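Asker: Data file entry.tsv (TSV, C-alpha atoms) is appended below.
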```tsv
chain	number	residue	atom	x	y	z
A	13	MET	CA	50.69	-122.97	-186.94
A	14	ALA	CA	53.10	-122.23	-189.74
A	15	VAL	CA	55.87	-119.83	-188.85
A	16	ALA	CA	55.84	-117.13	-191.50
A	17	VAL	CA	59.53	-116.36	-191.30
A	18	ASP	CA	60.47	-119.87	-192.38
A	19	ALA	CA	58.62	-119.24	-195.61
A	20	VAL	CA	61.04	-116.39	-196.30
A	21	ARG	CA	63.73	-119.03	-196.77
A	22	GLY	CA	61.43	-121.45	-198.53
A	23	GLU	CA	61.97	-123.93	-195.69
A	24	GLN	CA	59.56	-126.37	-194.13
A	25	PRO	CA	57.69	-124.71	-191.24
A	26	GLN	CA	58.92	-125.39	-187.75
A	27	PRO	CA	56.74	-127.58	-185.50
A	28	SER	CA	53.80	-125.59	-184.27
A	29	TYR	CA	53.06	-124.86	-180.66
A	30	ARG	CA	49.93	-123.46	-179.10
A	31	GLU	CA	49.50	-119.81	-178.18
A	32	ARG	CA	49.77	-119.51	-174.42
A	33	TRP	CA	48.96	-115.91	-173.63
A	34	LEU	CA	47.00	-116.55	-170.42
A	35	ASP	CA	50.02	-117.46	-168.32
A	36	VAL	CA	51.93	-114.53	-169.86
A	37	GLN	CA	49.16	-112.21	-168.70
A	38	GLY	CA	49.35	-113.84	-165.29
A	39	LEU	CA	53.10	-113.22	-165.17
A	40	ARG	CA	52.40	-109.58	-166.00
A	41	ALA	CA	50.07	-109.52	-163.01
A	42	VAL	CA	52.81	-110.82	-160.72
A	43	ALA	CA	55.23	-108.22	-162.09
A	44	VAL	CA	52.94	-105.26	-161.53
A	45	LEU	CA	51.73	-106.47	-158.13
A	46	VAL	CA	55.23	-106.73	-156.66
A	47	VAL	CA	56.09	-103.29	-158.04
A	48	VAL	CA	52.98	-101.75	-156.49
A	49	LEU	CA	53.51	-103.46	-153.13
A	50	ASP	CA	57.13	-102.33	-153.03
A	51	HIS	CA	56.30	-98.76	-153.98
A	52	VAL	CA	53.61	-98.41	-151.34
A	53	GLY	CA	56.05	-99.66	-148.71
A	54	MET	CA	54.29	-102.91	-147.89
A	55	PRO	CA	56.51	-105.05	-145.59
A	56	GLY	CA	57.93	-108.16	-147.19
A	57	PHE	CA	58.38	-106.75	-150.72
A	58	PRO	CA	61.62	-104.70	-150.57
A	59	GLY	CA	62.79	-106.00	-153.93
A	60	GLY	CA	59.52	-105.51	-155.75
A	61	PHE	CA	61.29	-103.25	-158.24
A	62	VAL	CA	62.42	-106.44	-160.01
A	63	GLY	CA	58.90	-106.61	-161.43
A	64	VAL	CA	60.17	-104.20	-164.07
A	65	ASP	CA	62.83	-106.72	-165.08
A	66	VAL	CA	60.11	-109.34	-165.44
A	67	PHE	CA	58.19	-106.91	-167.65
A	68	PHE	CA	61.27	-106.48	-169.86
A	69	VAL	CA	61.57	-110.23	-170.42
A	70	ILE	CA	57.87	-110.48	-171.24
A	71	SER	CA	58.07	-107.55	-173.67
A	72	GLY	CA	61.00	-109.04	-175.54
A	73	TYR	CA	59.20	-112.36	-175.76
A	74	VAL	CA	55.81	-111.05	-176.87
A	75	ILE	CA	57.09	-108.51	-179.38
A	76	THR	CA	59.47	-110.98	-181.00
A	77	ARG	CA	56.72	-113.56	-181.36
A	78	MET	CA	54.64	-110.90	-183.08
A	79	LEU	CA	57.51	-110.04	-185.41
A	80	LEU	CA	58.18	-113.68	-186.29
A	81	ARG	CA	54.56	-114.39	-187.10
A	82	ARG	CA	53.95	-111.88	-189.80
A	83	PRO	CA	50.92	-112.76	-191.92
A	84	GLY	CA	51.39	-113.60	-195.52
A	85	ARG	CA	54.31	-115.06	-197.42
A	86	SER	CA	55.28	-112.13	-199.61
A	87	ASP	CA	58.71	-110.72	-198.87
A	88	SER	CA	58.37	-107.73	-201.20
A	89	THR	CA	59.51	-104.38	-199.90
A	90	GLN	CA	55.97	-103.03	-200.15
A	91	SER	CA	54.41	-105.84	-198.08
A	92	GLN	CA	57.21	-105.70	-195.53
A	93	GLY	CA	56.76	-101.94	-195.18
A	94	ALA	CA	52.97	-102.23	-194.83
A	95	TRP	CA	53.25	-104.83	-192.09
A	96	PHE	CA	55.79	-102.84	-190.10
A	97	LEU	CA	53.72	-99.69	-190.52
A	98	ASP	CA	50.77	-101.56	-189.02
A	99	PHE	CA	53.01	-102.92	-186.24
A	100	TYR	CA	54.05	-99.43	-185.15
A	101	ALA	CA	50.49	-98.17	-185.49
A	102	LYS	CA	49.35	-100.87	-183.04
A	103	ARG	CA	52.15	-99.94	-180.63
A	104	ALA	CA	51.12	-96.29	-180.81
A	105	ARG	CA	47.49	-97.08	-180.01
A	106	ARG	CA	48.49	-99.47	-177.24
A	107	ILE	CA	50.98	-97.29	-175.38
A	108	VAL	CA	50.83	-93.59	-176.15
A	109	PRO	CA	47.26	-92.43	-175.33
A	110	ALA	CA	47.16	-93.87	-171.81
A	111	ALA	CA	50.70	-92.71	-171.07
A	112	THR	CA	49.86	-89.19	-172.27
A	113	LEU	CA	46.67	-88.99	-170.22
A	114	VAL	CA	48.52	-89.92	-167.03
A	115	ILE	CA	51.34	-87.47	-167.73
A	116	ALA	CA	48.96	-84.57	-168.31
A	117	LEU	CA	46.80	-85.34	-165.28
A	118	THR	CA	49.88	-85.84	-163.10
A	119	VAL	CA	51.28	-82.42	-164.03
A	120	ILE	CA	47.97	-80.76	-163.21
A	121	ALA	CA	47.51	-82.72	-159.97
A	122	THR	CA	51.04	-81.94	-158.81
A	123	PHE	CA	50.41	-78.21	-159.11
A	124	GLU	CA	46.93	-78.33	-157.64
A	125	LEU	CA	47.49	-80.79	-154.80
A	126	THR	CA	51.08	-80.07	-153.72
A	127	ASN	CA	52.87	-76.81	-154.53
A	128	PHE	CA	54.39	-74.93	-157.43
A	129	LEU	CA	57.94	-75.93	-156.47
A	130	ARG	CA	57.17	-79.61	-156.97
A	131	GLY	CA	55.20	-78.65	-160.05
A	132	ALA	CA	58.20	-76.83	-161.48
A	133	ARG	CA	60.36	-79.91	-160.98
A	134	VAL	CA	57.87	-82.15	-162.74
A	135	LEU	CA	57.63	-80.10	-165.96
A	136	PRO	CA	60.84	-81.36	-167.62
A	137	ASP	CA	60.04	-84.83	-166.30
A	138	ALA	CA	56.72	-84.67	-168.16
A	139	THR	CA	58.14	-83.50	-171.47
A	140	SER	CA	60.97	-86.04	-171.44
A	141	ALA	CA	58.44	-88.76	-170.58
A	142	SER	CA	56.27	-87.74	-173.54
A	143	LEU	CA	59.33	-88.05	-175.81
A	144	PHE	CA	60.12	-91.48	-174.31
A	145	LEU	CA	63.45	-90.15	-173.06
A	146	ALA	CA	62.65	-90.22	-169.35
A	147	ASN	CA	65.44	-92.69	-168.61
A	148	PHE	CA	68.09	-90.41	-170.12
A	149	HIS	CA	66.53	-87.44	-168.33
A	150	PHE	CA	66.80	-89.15	-164.96
A	151	ILE	CA	70.40	-90.17	-165.70
A	152	ALA	CA	71.21	-86.54	-166.55
A	153	THR	CA	69.61	-85.27	-163.35
A	154	GLY	CA	71.28	-87.93	-161.20
A	155	THR	CA	67.99	-89.36	-159.97
A	156	ASP	CA	68.35	-92.13	-157.41
A	157	TYR	CA	65.66	-94.75	-157.85
A	158	ALA	CA	64.06	-95.35	-154.47
A	159	ARG	CA	60.75	-95.53	-152.70
A	160	LEU	CA	58.73	-92.52	-151.61
A	161	GLY	CA	61.20	-91.37	-148.95
A	162	GLY	CA	63.44	-89.60	-151.43
A	163	ASP	CA	60.65	-87.26	-152.63
A	164	PRO	CA	60.86	-88.69	-156.16
A	165	SER	CA	59.21	-87.37	-159.29
A	166	PRO	CA	55.63	-88.57	-159.75
A	167	LEU	CA	56.68	-89.49	-163.29
A	168	GLN	CA	59.86	-91.33	-162.37
A	169	HIS	CA	58.36	-94.69	-163.29
A	170	TYR	CA	58.25	-93.63	-166.94
A	171	TRP	CA	61.92	-94.55	-167.22
A	172	SER	CA	61.01	-98.18	-167.88
A	173	LEU	CA	58.43	-97.22	-170.48
A	174	ALA	CA	61.15	-95.20	-172.22
A	175	VAL	CA	63.45	-98.22	-172.28
A	176	GLU	CA	60.71	-100.34	-173.83
A	177	GLU	CA	59.93	-97.72	-176.47
A	178	GLN	CA	63.60	-97.48	-177.38
A	179	PHE	CA	63.56	-101.25	-177.76
A	180	TYR	CA	60.48	-101.02	-180.02
A	181	LEU	CA	62.31	-98.53	-182.24
A	182	VAL	CA	65.44	-100.64	-182.64
A	183	TRP	CA	64.55	-104.33	-182.49
A	184	PRO	CA	61.86	-104.54	-185.24
A	185	SER	CA	64.30	-102.86	-187.65
A	186	VAL	CA	66.95	-105.43	-186.73
A	187	VAL	CA	64.48	-108.24	-187.36
A	188	LEU	CA	63.51	-106.73	-190.71
A	189	VAL	CA	67.16	-106.56	-191.79
A	190	ALA	CA	67.62	-110.17	-190.67
A	191	ILE	CA	64.55	-111.25	-192.66
A	192	VAL	CA	65.93	-109.63	-195.80
A	193	GLY	CA	69.35	-111.14	-195.15
A	194	ALA	CA	67.92	-114.62	-194.57
A	195	ALA	CA	65.93	-114.36	-197.80
A	196	ARG	CA	69.13	-113.72	-199.76
A	197	THR	CA	71.37	-116.40	-198.30
A	198	ARG	CA	71.07	-120.12	-197.72
A	199	ARG	CA	73.95	-120.42	-195.28
A	200	VAL	CA	71.94	-119.83	-192.12
A	201	THR	CA	68.26	-119.68	-191.28
A	202	LEU	CA	66.62	-116.57	-189.90
A	203	ARG	CA	66.28	-118.12	-186.45
A	204	GLN	CA	69.94	-119.15	-186.41
A	205	MET	CA	70.94	-115.64	-187.40
A	206	LEU	CA	68.81	-114.08	-184.66
A	207	VAL	CA	69.97	-116.55	-182.01
A	208	GLY	CA	73.62	-115.67	-182.67
A	209	LEU	CA	72.87	-111.96	-182.58
A	210	LEU	CA	70.82	-112.20	-179.38
A	211	ILE	CA	73.46	-114.25	-177.57
A	212	ALA	CA	75.98	-111.53	-178.40
A	213	ILE	CA	73.62	-108.81	-177.15
A	214	VAL	CA	72.95	-110.68	-173.91
A	215	ALA	CA	76.66	-111.23	-173.25
A	216	VAL	CA	77.78	-107.67	-174.01
A	217	SER	CA	74.89	-105.92	-172.26
A	218	TYR	CA	75.05	-108.11	-169.15
A	219	LEU	CA	78.80	-107.63	-168.80
A	220	TYR	CA	78.37	-103.88	-169.26
A	221	SER	CA	75.71	-103.86	-166.53
A	222	ILE	CA	78.04	-105.71	-164.16
A	223	MET	CA	80.85	-103.24	-164.85
A	224	LEU	CA	78.76	-100.05	-164.75
A	225	THR	CA	76.63	-100.78	-161.67
A	226	PRO	CA	79.40	-100.24	-159.05
A	227	ALA	CA	80.85	-97.30	-161.00
A	228	ASN	CA	77.63	-95.38	-161.76
A	229	GLY	CA	74.56	-96.94	-160.21
A	230	VAL	CA	72.15	-94.32	-161.58
A	231	ALA	CA	73.25	-94.77	-165.19
A	232	ALA	CA	73.29	-98.55	-164.78
A	233	PHE	CA	69.75	-98.57	-163.46
A	234	PHE	CA	68.19	-96.37	-166.15
A	235	SER	CA	70.33	-97.08	-169.23
A	236	PRO	CA	68.88	-99.07	-172.14
A	237	LEU	CA	72.34	-100.51	-172.71
A	238	THR	CA	72.39	-102.22	-169.31
A	239	ARG	CA	68.80	-103.40	-169.74
A	240	ALA	CA	69.05	-104.60	-173.33
A	241	TRP	CA	70.08	-108.11	-172.26
A	242	GLU	CA	66.87	-108.50	-170.22
A	243	LEU	CA	64.73	-107.75	-173.25
A	244	ALA	CA	67.04	-109.91	-175.39
A	245	ILE	CA	66.46	-112.91	-173.09
A	246	GLY	CA	62.75	-112.66	-173.89
A	247	CYS	CA	63.54	-112.29	-177.59
A	248	LEU	CA	65.78	-115.34	-177.44
A	249	ILE	CA	63.02	-117.47	-175.92
A	250	ALA	CA	60.66	-116.40	-178.70
A	251	VAL	CA	63.19	-117.12	-181.45
A	252	ALA	CA	64.02	-120.53	-180.02
A	253	GLY	CA	60.35	-121.16	-179.24
A	254	PRO	CA	59.67	-124.11	-181.56
A	255	TRP	CA	62.77	-125.96	-180.35
A	256	LEU	CA	62.08	-125.19	-176.69
A	257	ALA	CA	58.43	-126.19	-177.03
A	258	ALA	CA	59.41	-129.53	-178.57
A	259	LYS	CA	61.83	-130.22	-175.70
A	260	ILE	CA	59.33	-129.20	-173.04
A	261	ALA	CA	56.57	-131.27	-174.64
A	262	THR	CA	58.54	-134.47	-174.12
A	263	SER	CA	59.60	-133.69	-170.56
A	264	PRO	CA	56.79	-132.66	-168.20
A	265	VAL	CA	59.12	-133.04	-165.22
A	266	THR	CA	61.55	-130.55	-166.72
A	267	ALA	CA	58.71	-128.11	-167.36
A	268	THR	CA	57.48	-128.41	-163.80
A	269	ILE	CA	60.96	-127.90	-162.38
A	270	LEU	CA	61.49	-124.87	-164.62
A	271	GLY	CA	58.16	-123.36	-163.61
A	272	TRP	CA	58.72	-123.69	-159.87
A	273	SER	CA	62.36	-122.61	-160.17
A	274	GLY	CA	61.21	-119.46	-161.95
A	275	VAL	CA	58.69	-118.73	-159.23
A	276	ALA	CA	61.32	-119.30	-156.54
A	277	ALA	CA	63.84	-117.03	-158.28
A	278	ILE	CA	61.40	-114.13	-158.55
A	279	ALA	CA	60.19	-114.67	-154.98
A	280	TRP	CA	63.77	-114.62	-153.69
A	281	ALA	CA	64.54	-111.40	-155.55
A	282	VAL	CA	61.37	-109.71	-154.31
A	283	THR	CA	61.93	-110.64	-150.66
A	284	CYS	CA	65.73	-110.51	-150.36
A	285	LEU	CA	66.82	-107.58	-152.53
A	286	ASP	CA	66.25	-103.98	-151.45
A	287	ASP	CA	67.25	-100.41	-152.24
A	288	SER	CA	70.77	-101.03	-150.93
A	289	SER	CA	71.40	-103.86	-153.40
A	290	ARG	CA	73.71	-103.00	-156.25
A	291	PHE	CA	71.13	-103.39	-158.93
A	292	PRO	CA	70.97	-104.28	-161.77
A	293	GLY	CA	74.51	-105.71	-161.84
A	294	TRP	CA	74.96	-109.48	-161.82
A	295	VAL	CA	72.06	-110.10	-159.44
A	296	ALA	CA	69.48	-108.98	-162.02
A	297	ALA	CA	70.03	-112.37	-163.65
A	298	ILE	CA	68.00	-114.02	-160.88
A	299	PRO	CA	64.58	-112.44	-161.58
A	300	VAL	CA	65.28	-112.28	-165.33
A	301	LEU	CA	66.10	-115.98	-165.60
A	302	GLY	CA	63.18	-116.71	-163.27
A	303	ALA	CA	60.80	-115.00	-165.67
A	304	ALA	CA	62.44	-116.78	-168.59
A	305	ALA	CA	61.99	-120.16	-166.90
A	306	ILE	CA	58.29	-119.50	-166.35
A	307	LEU	CA	57.81	-118.52	-170.00
A	308	VAL	CA	59.57	-121.64	-171.25
A	309	ALA	CA	57.65	-123.88	-168.86
A	310	GLY	CA	54.42	-122.31	-170.12
A	311	MET	CA	55.00	-123.61	-173.64
A	312	ARG	CA	53.57	-127.03	-172.77
A	313	GLU	CA	50.17	-127.93	-174.19
A	314	LYS	CA	49.19	-129.15	-170.72
A	315	PRO	CA	50.15	-126.35	-168.33
A	316	THR	CA	52.31	-126.94	-165.30
A	317	ALA	CA	50.99	-125.94	-161.88
A	318	PRO	CA	52.60	-122.45	-161.93
A	319	ALA	CA	51.26	-121.80	-165.45
A	320	ALA	CA	47.81	-123.00	-164.44
A	321	VAL	CA	47.75	-120.61	-161.48
A	322	LEU	CA	48.98	-117.71	-163.61
A	323	GLY	CA	46.29	-118.52	-166.16
A	324	THR	CA	43.42	-118.15	-163.70
A	325	ARG	CA	40.85	-115.46	-164.30
A	326	THR	CA	42.01	-113.19	-161.48
A	327	PHE	CA	45.65	-113.16	-162.53
A	328	VAL	CA	44.74	-112.71	-166.19
A	329	TYR	CA	42.48	-109.74	-165.42
A	330	ILE	CA	45.17	-108.05	-163.33
A	331	GLY	CA	47.55	-108.72	-166.21
A	332	ASP	CA	45.09	-107.00	-168.53
A	333	LEU	CA	45.11	-104.00	-166.19
A	334	SER	CA	48.86	-104.10	-165.65
A	335	TYR	CA	49.77	-101.28	-168.02
A	336	SER	CA	47.15	-98.88	-166.67
A	337	LEU	CA	47.92	-99.95	-163.10
A	338	TYR	CA	51.63	-99.35	-163.60
A	339	LEU	CA	50.95	-95.88	-165.00
A	340	VAL	CA	48.55	-94.64	-162.33
A	341	HIS	CA	49.86	-96.12	-159.08
A	342	TRP	CA	53.10	-94.13	-158.75
A	343	PRO	CA	51.59	-90.64	-159.19
A	344	ILE	CA	48.88	-91.55	-156.67
A	345	PHE	CA	51.46	-92.72	-154.13
A	346	THR	CA	53.91	-89.83	-154.58
A	347	ILE	CA	51.32	-87.05	-154.55
A	348	THR	CA	49.68	-88.57	-151.47
A	349	ALA	CA	53.11	-88.79	-149.81
A	350	ALA	CA	53.70	-85.12	-150.59
A	351	ARG	CA	50.42	-84.27	-148.89
A	352	ILE	CA	50.48	-86.44	-145.77
A	353	GLY	CA	54.01	-87.85	-145.53
A	354	ASP	CA	55.47	-91.07	-146.85
A	355	ASP	CA	55.14	-93.23	-143.72
A	356	PHE	CA	51.87	-94.85	-144.75
A	357	SER	CA	49.94	-96.88	-142.21
A	358	LEU	CA	48.50	-100.21	-143.32
A	359	PRO	CA	44.96	-98.81	-143.83
A	360	VAL	CA	46.38	-95.99	-145.96
A	361	GLN	CA	48.46	-98.47	-147.97
A	362	LEU	CA	45.42	-100.61	-148.65
A	363	LEU	CA	43.35	-97.57	-149.55
A	364	LEU	CA	46.00	-96.35	-152.01
A	365	ILE	CA	46.27	-99.78	-153.62
A	366	ALA	CA	42.49	-99.96	-153.94
A	367	ALA	CA	42.36	-96.46	-155.44
A	368	SER	CA	45.05	-97.45	-157.93
A	369	PHE	CA	43.08	-100.51	-159.01
A	370	VAL	CA	39.85	-98.55	-159.38
A	371	LEU	CA	41.46	-95.81	-161.47
A	372	ALA	CA	43.41	-98.36	-163.52
A	373	ALA	CA	40.24	-100.33	-164.27
A	374	ALA	CA	38.40	-97.16	-165.22
A	375	MET	CA	41.20	-96.06	-167.55
A	376	TYR	CA	41.56	-99.52	-169.06
A	377	HIS	CA	37.87	-99.98	-169.86
A	378	ALA	CA	36.94	-96.39	-170.71
A	379	PHE	CA	40.10	-95.09	-172.40
A	380	GLU	CA	42.94	-97.52	-173.05
A	381	ASN	CA	40.97	-100.41	-174.55
A	382	PRO	CA	38.53	-98.37	-176.70
A	383	ILE	CA	41.45	-96.65	-178.43
A	384	ARG	CA	43.48	-99.82	-178.69
A	385	ARG	CA	40.56	-101.78	-180.16
A	386	SER	CA	39.19	-98.97	-182.34
A	387	HIS	CA	38.13	-100.39	-185.71
A	388	THR	CA	38.47	-96.95	-187.29
A	389	LEU	CA	42.08	-96.59	-186.19
A	390	ALA	CA	42.92	-100.25	-186.84
A	391	THR	CA	42.12	-99.85	-190.52
A	392	ARG	CA	44.02	-96.56	-190.81
A	393	PRO	CA	47.66	-96.82	-189.68
A	394	TRP	CA	48.60	-93.22	-190.38
A	395	PRO	CA	46.03	-91.69	-188.01
A	396	SER	CA	47.25	-94.16	-185.39
A	397	LEU	CA	50.82	-93.02	-185.89
A	398	ALA	CA	49.65	-89.42	-185.70
A	399	ILE	CA	48.73	-90.13	-182.08
A	400	VAL	CA	52.43	-89.82	-181.21
A	401	PRO	CA	53.08	-86.20	-182.29
A	402	VAL	CA	49.63	-85.12	-181.11
A	403	SER	CA	50.27	-86.61	-177.68
A	404	ILE	CA	53.67	-84.93	-177.43
A	405	ALA	CA	52.05	-81.62	-178.35
A	406	VAL	CA	49.38	-82.11	-175.66
A	407	VAL	CA	51.97	-82.69	-172.94
A	408	PHE	CA	54.07	-79.71	-174.02
A	409	ALA	CA	50.94	-77.55	-174.11
A	410	VAL	CA	49.95	-78.55	-170.58
A	411	ALA	CA	53.51	-77.98	-169.33
A	412	ALA	CA	53.76	-74.61	-171.07
A	413	PHE	CA	50.42	-73.52	-169.65
A	414	GLU	CA	51.44	-74.36	-166.09
A	415	ARG	CA	54.79	-72.65	-166.52
A	416	TYR	CA	53.08	-69.51	-167.84
A	417	ARG	CA	50.38	-69.67	-165.17
A	418	TRP	CA	52.90	-69.78	-162.34
A	419	ALA	CA	55.55	-67.63	-164.11
A	420	LEU	CA	58.17	-70.33	-163.66
A	421	PRO	CA	61.65	-69.75	-165.11
A	422	VAL	CA	62.29	-73.46	-165.75
A	423	PRO	CA	63.13	-75.14	-169.06
A	424	LEU	CA	60.56	-77.51	-170.45
A	425	VAL	CA	63.30	-79.74	-171.80
A	426	GLN	CA	66.61	-80.21	-170.06
A	427	GLN	CA	69.83	-81.27	-171.75
A	428	LEU	CA	69.81	-85.04	-171.79
A	429	PHE	CA	73.12	-86.02	-173.31
```
Could the structure of this file be written out as structure tokens, please?
Answerer:
Amino acid sequence: MAVAVDAVRGEQPQPSYRERWLDVQGLRAVAVLVVVLDHVGMPGFPGGFVGVDVFFVISGYVITRMLLRRPGRSDSTQSQGAWFLDFYAKRARRIVPAATLVIALTVIATFELTNFLRGARVLPDATSASLFLANFHFIATGTDYARLGGDPSPLQHYWSLAVEEQFYLVWPSVVLVAIVGAARTRRVTLRQMLVGLLIAIVAVSYLYSIMLTPANGVAAFFSPLTRAWELAIGCLIAVAGPWLAAKIATSPVTATILGWSGVAAIAWAVTCLDDSSRFPGWVAAIPVLGAAAILVAGMREKPTAPAAVLGTRTFVYIGDLSYSLYLVHWPIFTITAARIGDDFSLPVQLLLIAASFVLAAAMYHAFENPIRRSHTLATRPWPSLAIVPVSIAVVFAVAAFERYRWALPVPLVQQLF
């Protein structure tokens, strides 16, 4: 497979390596499963929140591979703009409709199934989530990320989606600037330029996370600046992909060791960290590097044992559902906790997990995938991009209706900065 970005410099294409999306989907499954098990209070998974860190690494990796494999060899401004327009249109179809549906239904369910006081608290959460500013909103309100015992917002989990969306807004533009710069100079290649930039991002962001975590744990947990290095690790793997794949191809033992080390690192973080850990801080490197090791090990043509397990049908299907499952599980858990208390028995835990899977599968097959795969929208980027303002308007309309209905003197949008 020729790497399109090398053509920008007129260079010989880098050595090709096979697409390996199955094990990536399987890793998504692991990430969402540990998050769900932690959130429901299942014993043995106190550090399941690190699944979000695994998601960040995967997102950086997948998005950067997409950006580096642009079709066509034209580097004209018009072709560059058309490709990036299509890129953002795909992101809009992929993320916004499902997120909006869950926000709207969560607002309604909170009012109908709990009480108007909880409903009043969720209104600014909903509007900030629709604007992909939930992380800044929860920093401003001093939200402490925890399990159900702290009576959290049913939309609190949207903080991580906000971080990813902020990444989608910034990183593709950086790559585009790098592509233009690489096309105009012969001193460094595009990949060399991006590697240097990403190493700097990783170093600065990780050090900032270490410094901020003991001083302001809330800001450290939700800030995109303390999480940027996790996404950048995934980006770095994608940029260095051809070189890493060539190294892994000649050393099956190294690939196997990397794969099992990654599994062990994530397992340690899930079982040994908990809500009292100063996270993210330095310790976030353990699950992040674990995810990175699994991704690198998965670049072999012949999969290692961990990659083969992650690529099985069950793991891949759960990975396919992972976005919908992540969206729906937390509102189900928090609203149920508000109704019956948060000390779930094992049968209740299993029932809630099953309900989350059923609703996630229904949303994935009946709503998320039809919009994402729509041929009509795929051939028309502007209607796809219009999904964003329409979705924001829908959430604000639902929030305004509930505020008017209950005569609530609460702002729909709180000051974030």
Asker: Mind giving me the straight-line distance from CA of Trp255 in chain A to CA of Val66 in chain A in Å, one decimal?
Answerer: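 Going from CA of Trp255 in chain A over to CA of Val66 in chain A covers 22.5 Å.
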Asker: List the neighbours of range 141-158 of chain A out to 8 Å using only C-alpha atoms; skip same-chain residues closer than 5 positions along the sequence, and give me the result as a PyMOL selection string.
Answerer: chain A and resi 111-112+115+164+167-168+170-175+177-178+230-231+233-235+287+403-404+407+426-429
Asker: Could you state the separation of CA of Arg384 in chain A and CA of Val425 in chain A in Å, given to one decimal place?
Answerer: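 Computing it gives 29.0 Å between the two atoms.
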Asker: Counting all atoms listed in the file, which residue out of A:Gln37, A:Trp241, A:Gly53, A:Val410 sits closest to Val360 in chain A?
Answerer: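 Of the candidates, the smallest distance to Val360 in chain A is held by A:Gly53.
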Asker: As an exercise, work out the distance from CA of Gly93 in chain A to CA of Glu176 in chain A in Å and give it to one decimal place.
Answerer: 21.8 Å
Asker: For Pro395 in chain A, list every protein, DNA or RNA residue within 12 Å, evaluated using all atoms listed in the file, and leave out those in the same chain fewer than 3 positions away; present the list as a list in words.
Answerer: Leu97, Asp98, Tyr100, Ala101, Lys102, Ala104, Arg105, Ile383, Ser386, His387, Thr388, Leu389, Ala390, Thr391, Arg392, Ala398, Ile399, Val400, Pro401 and Val402 of chain A
Asker: Between A:Met311, A:Ala252, A:Asp286, A:Val370, which has the minimum distance to Pro55 in chain A (counting all atoms listed in the file)?
Answerer: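 Nearest candidate to Pro55 in chain A out of A:Met311, A:Ala252, A:Asp286, A:Val370: A:Asp286.
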Asker: Go through A:Phe67, A:Phe345, A:Tyr180, A:Tyr218 and flag the residue nearest Val295 in chain A, using all atoms listed in the file for the distances.
Answerer: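 Under the stated criterion, the closest residue is A:Tyr218.
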Asker: Pick out the closest residue to Pro359 in chain A from this set: A:Glu242, A:Val52, A:Met375, A:Phe408. Count only C-alpha atoms.
Answerer: A:Val52
Asker: From the set A:Pro292, A:Gly331, A:Gly274, A:Gly63, which residue has the shortest atom-to-atom contact distance to Arg40 in chain A, counting all atoms listed in the file?
Answerer: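 Among the listed residues, A:Gly331 lies closest to Arg40 in chain A.
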Asker: Could you check the closest approach to Val187 in chain A for each of A:Val308, A:Ile75, A:Ala366, A:Ala297 and tell me which residue wins, using all atoms listed in the file?
Answerer: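 Answer, going by the shortest atom-to-atom distance: A:Ile75.
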Asker: Thr122 in chain A: which residues within 12 Å, counting only C-alpha atoms, same-chain residues fewer than 6 positions away excluded, as JSON, numbers by chain?
Answerer: {"A": [114, 115, 116, 128, 129, 130, 131, 132, 133, 134, 135, 138, 165, 166, 167, 343, 344, 345, 346, 347, 348, 349, 350, 351, 411, 414]}
Asker: As a list of chain:residue names, please: the residues near Phe57 in chain A (cut-off 6 Å, all atoms listed in the file, same-chain neighbours under 2 positions excluded).
Answerer: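 Result of the neighbour search: A:Asp50, A:Pro55, A:Gly59, A:Gly60, A:Val282, A:Thr283.
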